[in-house]
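Shown next, in structure tokens, is the structure this report addresses.
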Amino acid sequence: MYTIKTMNSFDSAHFLKGYEGKCSNIHGHRWTVEIEVKGEDLSTDKQTRGMLCDFSTLKSDVKCETDFFDHTFIIEKGSLKENTLSALKDEGFKITEVSFRPTAESFAKYFYDRFKALGYDVKKAVVYETPNNCAEYGEE
């Protein structure tokens with residue numbers, strides 16, 4: 001089994017509604033997302049011969065997916081009062097609403113699913129919310 005992986009980082013703010021502790025307050029992270037893909041065979045195509053997949057394509061896709069969240073305030077849908085959300089948007093803040101609680105674990109599953117949908121044979125997705133704390137998701 002061959003595997004390759006690449007990573008990219010983004011900066012954003014979030015909070016955990018209903019959490020009893022510091023993470024219930026708005027705070028920021030430098031999130032790092034690592035995507036590892038796998039396969040039994042290497043390409044025989046002229047351009048990518050001897051590669052599992054082209055690193056430049058994988059790196060570009062990881063950058064595109066993570067840049068979507070860069071310098072945004074990530075919120076779980078329904079976690080803010082409508083007038084609060086409206087006021088933040090009126091002020092020009094970039095808000096990214098997600099359908100899940102924005103934890104490292106949930107983001108690991110989110111990125112795993114995103115890269116599967118892009119056609120990658122994903123082994124796992126790892127999401128670091130700090131240099132020392134990460135969550136990973138894979139279906140093995």
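Ligands are numbered from 1 in the order shown, residues from 1 within each chain, and chains are lettered A, B, ... in the order they appear in the structure tokens.
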
Which residues come within 8 Å of Ile4 of chain A, counting only C-alpha atoms, excluding same-chain residues fewer than 3 positions away, as a PyMOL selection string? chain A and resi 36-38+52

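Ranking A:Glu97, A:Glu82, A:Asp61, A:Glu136 by their shortest atom-to-atom distance to Lys123 of chain A, with only C-alpha atoms included, puts A:Glu136 first.
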
DSSP alpha helix (DSSP H) selection over chain A, as a ChimeraX atom specification: /A:55-67,82-90,104-117

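The shortest atom-to-atom distance to His71 of chain A, with only C-alpha atoms taken into account, belongs to A:Thr96 out of A:Thr130, A:Thr6, A:Ser24, A:Thr96.
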
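Comparing the minimum interatomic distances between Met51 of chain A and each of A:Phe93, A:Phe69, A:Val33, A:Tyr2, counting only C-alpha atoms, we find that A:Tyr2 sits nearest.
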
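Minimum atom-to-atom distance to Cys134 of chain A, evaluated using only C-alpha atoms, belongs to A:His29 out of A:Arg114, A:Lys59, A:Lys46, A:His29.
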
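When DSSP reads the backbone of this structure, the residues of segment 53-140 of chain A it assigns to strand (DSSP E) are Thr72, Phe73, Ile74, Ile75, Glu76, Ile95, Thr96, Glu97, Val98, Val122, Lys123, Lys124, Ala125, Val126, Val127, Tyr128, Glu129, Thr130, Asn133, Cys134, Ala135, Glu136 and Tyr137 of chain A.
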
What does the file look like for those residues with N, CA and C atoms, as a compact mmCIF listing (two decimals), in the first residue's frame?
# COMPACT_ATOMS: atom_id res chain seq x y z
N THR A 72 -12.04 33.48 8.75
CA THR A 72 -13.48 33.57 8.90
C THR A 72 -13.85 33.26 10.34
N PHE A 73 -15.06 33.59 10.68
CA PHE A 73 -15.64 33.22 11.97
C PHE A 73 -16.54 32.02 11.67
N ILE A 74 -16.13 30.85 12.11
CA ILE A 74 -16.85 29.62 11.82
C ILE A 74 -17.88 29.39 12.93
N ILE A 75 -19.13 29.24 12.51
CA ILE A 75 -20.18 29.01 13.49
C ILE A 75 -21.04 27.82 13.07
N GLU A 76 -21.55 27.12 14.07
CA GLU A 76 -22.52 26.07 13.82
C GLU A 76 -23.86 26.73 13.53
N ILE A 95 -18.47 35.29 7.79
CA ILE A 95 -19.03 34.23 8.62
C ILE A 95 -19.14 32.97 7.76
N THR A 96 -18.67 31.86 8.29
CA THR A 96 -18.84 30.58 7.62
C THR A 96 -19.67 29.69 8.52
N GLU A 97 -20.87 29.37 8.08
CA GLU A 97 -21.76 28.50 8.85
C GLU A 97 -21.56 27.06 8.42
N VAL A 98 -21.44 26.18 9.40
CA VAL A 98 -21.32 24.75 9.14
C VAL A 98 -22.46 24.02 9.84
N VAL A 122 -8.98 8.34 0.25
CA VAL A 122 -8.45 8.95 1.47
C VAL A 122 -8.22 7.88 2.53
N LYS A 123 -7.03 7.86 3.08
CA LYS A 123 -6.75 6.98 4.22
C LYS A 123 -7.23 7.64 5.50
N LYS A 124 -6.88 8.92 5.67
CA LYS A 124 -7.34 9.64 6.85
C LYS A 124 -7.16 11.14 6.64
N ALA A 125 -7.92 11.88 7.42
CA ALA A 125 -7.79 13.33 7.50
C ALA A 125 -7.45 13.64 8.96
N VAL A 126 -6.44 14.48 9.15
CA VAL A 126 -6.01 14.88 10.48
C VAL A 126 -6.16 16.39 10.57
N VAL A 127 -6.76 16.86 11.66
CA VAL A 127 -6.95 18.29 11.86
C VAL A 127 -6.34 18.68 13.20
N TYR A 128 -5.34 19.57 13.13
CA TYR A 128 -4.71 20.12 14.34
C TYR A 128 -5.36 21.45 14.65
N GLU A 129 -5.80 21.62 15.89
CA GLU A 129 -6.29 22.95 16.29
C GLU A 129 -5.20 23.71 17.04
N THR A 130 -4.20 23.00 17.51
CA THR A 130 -2.97 23.59 18.06
C THR A 130 -1.83 22.69 17.58
N ASN A 133 -2.35 19.34 19.56
CA ASN A 133 -3.65 18.68 19.70
C ASN A 133 -4.30 18.49 18.34
N CYS A 134 -4.62 17.25 18.05
CA CYS A 134 -5.24 16.96 16.75
C CYS A 134 -6.29 15.87 16.89
N ALA A 135 -7.13 15.78 15.88
CA ALA A 135 -8.11 14.71 15.75
C ALA A 135 -7.96 14.15 14.35
N GLU A 136 -8.23 12.85 14.21
CA GLU A 136 -8.17 12.27 12.88
C GLU A 136 -9.40 11.42 12.62
N TYR A 137 -9.72 11.32 11.33
CA TYR A 137 -10.84 10.50 10.92
C TYR A 137 -10.42 9.67 9.72
